[in-house]
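Contents: one structure, followed by commentary.
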Amino acid sequence: MSMELDKCLENLYQGKLLPEAVVRALCFKLKEMLIRESNVVHIQTPVTVVGDIHGQFHDLLEIFQIGGPVPDTNYLFLGDYVDRGLYSVETIVLLVVLKLRYPHRIHLLRGNHESRQITQSYGFYTECLNKYGENSKVWHYLTDFFDYLVLCCIIDDEIFCVHGGLSPNVQTIDQIKIIDRFREIPHDGAMADLVWSDPEESNTENGNHREEFYRESSQHFQVSPRGAGYTFGRCVVEKFLHTNSMSRIYRAHQLCNEGFQVYFNGLVTTVWSAPNYCYRCGNKASILELYGKDDFYFNVFEEAPENKLLNENAQANVTNNKILNDYFDSGDELSENGSTDMDIFSDAYQAKSASSRRVEYFL
Ligand SMILES: [Mn+2]
C-alpha cells in the first residue's frame, strides 16, 4: 500500500491527475481511517498550521517548500481545500494521499467548502466534470469523503483550532465530541457554526468601562452577514477559553491581506494560506509554525511563480492535467472518459465555470 501511495504522490507532486478508480479507492481507504477519529483530535507541537488553500495547488507546493515537506514537518490544515482556484482536484487528492501515507504527520479539518452544496456553486463540481468527464463520479467520491473529516483540533491540550469559529450551541469541548459529524454540513446548529462563524472586534472596545463593555451586543453572538454561522466577540471567546481551560484559538476562513490577523490581543488568530486569492486579490498568505506554547512564527509568503504565469499566459496549453491513462492497470472506467484534457484556461471553460459562481470573496 505505501509503495502504491508513494507512486501516487510522485505523480500528484507533478500536478498529474490520478485515474477515477484510484481516487475512489483512496477515498474509501481514508473514510475507513477517519471513521475511527473523534470530532476533536488532540495533537502536540511542533506543528505548522495552514489556513484556506482553495484549489491553489501551486501555492500548496510552495507551502511544502517553505514549511518543509511531509513527513519532515507536521501539518494541521484548517479546511477549505477546494473551490475558487483552478486546481481543487489536485489539491484535495494530494492531501488525501498524504493523510493515508503519513496519518500522524498531517491532520485535515473540515471547512465550510467541504460540502456538496457549496462546491456546486463555487467551482469544485465544475472542475471535476471538466477534468474527469460528465459521467464521472469523482466529485461524489470526494464529497462523500468530506463527511468524515474531523471538525476541530486541540494542540498541546490548550490551543483550540477550527475552520470558522464558536457557536452559541457549544459551551464545552464535550459538546463538540457528541455532534454526529458524518453528514453534509447542515444550514444551522453547532456543526454549521464551527465552520461558518467569524470573530468580530468591536471598535468601542477601548475606553469603555468593563460593565458597559460586556453589555455591548457585539461582544456576544450576532447574526452573520454570510447567512450562516455567527459573529462572536471577545466576551464569548474569554468565556469559552476559560470554561475549557484553553489559552487561544486558531482559525481560518477569512481573507487577510497580510496573511494572518490577530484578534482580541491574541486570543483568536486567523491564518490565511491562499496568496493572491483567486489570482487577483493581491494579498499575502502565511503558515503558522508552532514550536511550543509561546514559541511560534508566522511564515509569510507570496504567490507561487506558476500563478503569475497563469495570469500572464492564460491561454497557455496545459500539459500537466492529462489523466494518467496507462499508469494504473485498473483503468477500465477511464476508457470512457479518458480524453478530457479540455483546456481549462479556454474562454469556454472559464465561462462555464464562472456561470454558476457568485462573486463573494469572503465565503
Ligand atoms: Mn471558509
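Residue numbers start at 1 in each chain; chains themselves are named A, B, ... in the order of the C-alpha cells; ligands are numbered from 1 in the order shown.
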Neighbouring residues of ligand 1 are defined here as those with any atom at most 12 Å from a ligand atom, counting only C-alpha atoms and all ligand atoms; list them as JSON, numbers by chain. {"A": [51, 52, 53, 54, 78, 79, 80, 81, 82, 83, 84, 109, 110, 111, 112, 113, 114, 115, 118, 119, 122, 162, 163, 164, 165, 192, 193, 194, 195, 196, 197, 198, 226, 228, 229, 251, 252, 253, 254, 255, 270, 271, 272, 273, 274, 360, 361, 362, 363]}
For the selection you just gave me, I'd like the residues written to a file as a PDB file, in the first residue's frame, keeping C-alpha atoms.
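Result file follows (out21.pdb):
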ATOM      1  CA  GLY A  51      -5.381  28.113   6.540  1.00  0.00           C
ATOM      2  CA  ASP A  52      -7.529  28.167   3.392  1.00  0.00           C
ATOM      3  CA  ILE A  53      -5.946  26.791   0.187  1.00  0.00           C
ATOM      4  CA  HIS A  54      -8.965  26.951  -2.183  1.00  0.00           C
ATOM      5  CA  LEU A  78      -7.824  24.171   8.823  1.00  0.00           C
ATOM      6  CA  GLY A  79     -10.060  23.361   5.832  1.00  0.00           C
ATOM      7  CA  ASP A  80     -11.302  24.959   2.586  1.00  0.00           C
ATOM      8  CA  TYR A  81      -9.137  22.908   0.238  1.00  0.00           C
ATOM      9  CA  VAL A  82     -11.459  23.238  -2.758  1.00  0.00           C
ATOM     10  CA  ASP A  83     -13.397  25.866  -4.805  1.00  0.00           C
ATOM     11  CA  ARG A  84     -12.235  29.197  -6.277  1.00  0.00           C
ATOM     12  CA  LEU A 109     -10.124  19.724   9.432  1.00  0.00           C
ATOM     13  CA  ARG A 110     -13.382  20.317   7.580  1.00  0.00           C
ATOM     14  CA  GLY A 111     -14.075  23.771   6.149  1.00  0.00           C
ATOM     15  CA  ASN A 112     -17.410  25.181   5.020  1.00  0.00           C
ATOM     16  CA  HIS A 113     -16.405  24.466   1.391  1.00  0.00           C
ATOM     17  CA  GLU A 114     -16.029  20.741   2.090  1.00  0.00           C
ATOM     18  CA  SER A 115     -19.710  20.436   1.266  1.00  0.00           C
ATOM     19  CA  ILE A 118     -21.168  24.847  -1.634  1.00  0.00           C
ATOM     20  CA  THR A 119     -18.916  23.050  -4.140  1.00  0.00           C
ATOM     21  CA  TYR A 122     -18.018  27.766  -6.285  1.00  0.00           C
ATOM     22  CA  VAL A 162     -11.325  25.138  13.961  1.00  0.00           C
ATOM     23  CA  HIS A 163     -12.141  26.383  10.451  1.00  0.00           C
ATOM     24  CA  GLY A 164     -14.640  29.129  11.328  1.00  0.00           C
ATOM     25  CA  GLY A 165     -15.257  29.766  14.989  1.00  0.00           C
ATOM     26  CA  ALA A 192     -22.573  24.699  10.797  1.00  0.00           C
ATOM     27  CA  ASP A 193     -21.379  27.376  13.225  1.00  0.00           C
ATOM     28  CA  LEU A 194     -17.964  25.748  13.750  1.00  0.00           C
ATOM     29  CA  VAL A 195     -17.209  26.005  10.020  1.00  0.00           C
ATOM     30  CA  TRP A 196     -19.012  29.295   9.267  1.00  0.00           C
ATOM     31  CA  SER A 197     -18.587  31.731  12.210  1.00  0.00           C
ATOM     32  CA  ASP A 198     -16.206  34.728  12.397  1.00  0.00           C
ATOM     33  CA  ARG A 226     -22.593  35.453   5.477  1.00  0.00           C
ATOM     34  CA  ALA A 228     -24.663  31.067   8.055  1.00  0.00           C
ATOM     35  CA  GLY A 229     -22.899  30.865  11.404  1.00  0.00           C
ATOM     36  CA  ARG A 251      -8.931  29.533  12.790  1.00  0.00           C
ATOM     37  CA  ALA A 252      -9.005  30.342   9.061  1.00  0.00           C
ATOM     38  CA  HIS A 253     -11.991  31.225   6.850  1.00  0.00           C
ATOM     39  CA  GLN A 254     -11.326  34.949   6.281  1.00  0.00           C
ATOM     40  CA  LEU A 255      -9.058  36.588   3.743  1.00  0.00           C
ATOM     41  CA  THR A 270      -6.832  33.921  11.627  1.00  0.00           C
ATOM     42  CA  VAL A 271      -4.369  32.062   9.403  1.00  0.00           C
ATOM     43  CA  TRP A 272      -4.889  32.546   5.660  1.00  0.00           C
ATOM     44  CA  SER A 273      -2.796  30.479   3.229  1.00  0.00           C
ATOM     45  CA  ALA A 274      -4.048  31.401  -0.270  1.00  0.00           C
ATOM     46  CA  GLU A 360     -18.158  36.834  -2.782  1.00  0.00           C
ATOM     47  CA  TYR A 361     -14.557  36.783  -1.807  1.00  0.00           C
ATOM     48  CA  PHE A 362     -15.086  36.053   1.832  1.00  0.00           C
ATOM     49  CA  LEU A 363     -17.131  32.882   1.513  1.00  0.00           C
TER      50      LEU A 363
END
Assign secondary structure with DSSP using the backbone only, and return the residues of stretch 152-312 of chain A in strand (DSSP E or B) as a PyMOL selection string. chain A and resi 152-155+159-162+198-199+222-223+230-232+248-251+260-263+268-272+285-292+295-301
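Distances here use only C-alpha atoms; by that measure, the residue among A:Leu151, A:Met191, A:Leu26, A:Cys235 closest to A:Val97 is A:Leu26.
The residue that comes closest to A:Val223, out of A:Pro168, A:Pro275, A:Gly259, A:Pro305 and on the basis of only C-alpha atoms, is A:Pro168.
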Tell me which protein, DNA and RNA residues are within 12 Å of A:Tyr87, counting only C-alpha atoms, leaving out same-chain ones fewer than 3 positions away, and put them as a PyMOL selection string. chain A and resi 12+15-17+53-61+81-84+90-94+123-128+130-131+278+307+310+320-321+344-345
Check the smallest atom-to-atom distance from each of A:Ser202, A:Gln120, A:Ser38, A:Thr48 to A:Tyr250 using only C-alpha atoms, then report the winner. A:Thr48
Quick one: residues within 7 Å of A:Phe298, only C-alpha atoms counted, chain neighbours fewer than 3 positions away excluded, as an mmCIF file with N, CA and C atoms, in the first residue's frame?
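Dumped everything to out.cif:
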data_model
loop_
_atom_site.group_PDB
_atom_site.id
_atom_site.type_symbol
_atom_site.label_atom_id
_atom_site.label_comp_id
_atom_site.auth_asym_id
_atom_site.auth_seq_id
_atom_site.Cartn_x
_atom_site.Cartn_y
_atom_site.Cartn_z
ATOM 1 N N SER A 286 0.067 33.158 4.818
ATOM 2 C CA SER A 286 1.016 32.696 5.835
ATOM 3 C C SER A 286 0.708 31.275 6.262
ATOM 4 N N ILE A 287 1.737 30.632 6.816
ATOM 5 C CA ILE A 287 1.538 29.419 7.597
ATOM 6 C C ILE A 287 2.098 29.722 8.985
ATOM 7 N N LEU A 288 1.498 29.134 9.996
ATOM 8 C CA LEU A 288 1.898 29.407 11.377
ATOM 9 C C LEU A 288 2.714 28.236 11.899
ATOM 10 N N GLU A 289 4.001 28.482 12.126
ATOM 11 C CA GLU A 289 4.875 27.419 12.628
ATOM 12 C C GLU A 289 4.881 27.483 14.153
#
Shell around A:Phe64 at 10 Å using only C-alpha atoms, local window under 6 positions removed, as number ranges by chain: A: 70, 72-73, 75
Grab the residues selected above and save them as a PDB file, in the first residue's frame with C-alpha atoms.
ATOM      1  CA  VAL A  70       5.592  15.913   4.801  1.00  0.00           C
ATOM      2  CA  ASP A  72       9.619  16.104   7.921  1.00  0.00           C
ATOM      3  CA  THR A  73       7.153  18.761   9.111  1.00  0.00           C
ATOM      4  CA  TYR A  75       0.875  19.888   9.422  1.00  0.00           C
TER       5      TYR A  75
END
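Take atom CA of A:Leu86 and atom CA of A:Ala304: the distance between them is 13.8 Å.
Coordinates place atom CA of A:Val170 at a distance of 29.8 Å from atom CA of A:Ala285.
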List as a count of residues only the protein and nucleic acid residues near A:Phe28, meaning an atom at most 10 Å away when only C-alpha atoms are counted, but skip any in the same chain fewer than 4 places from it. 9
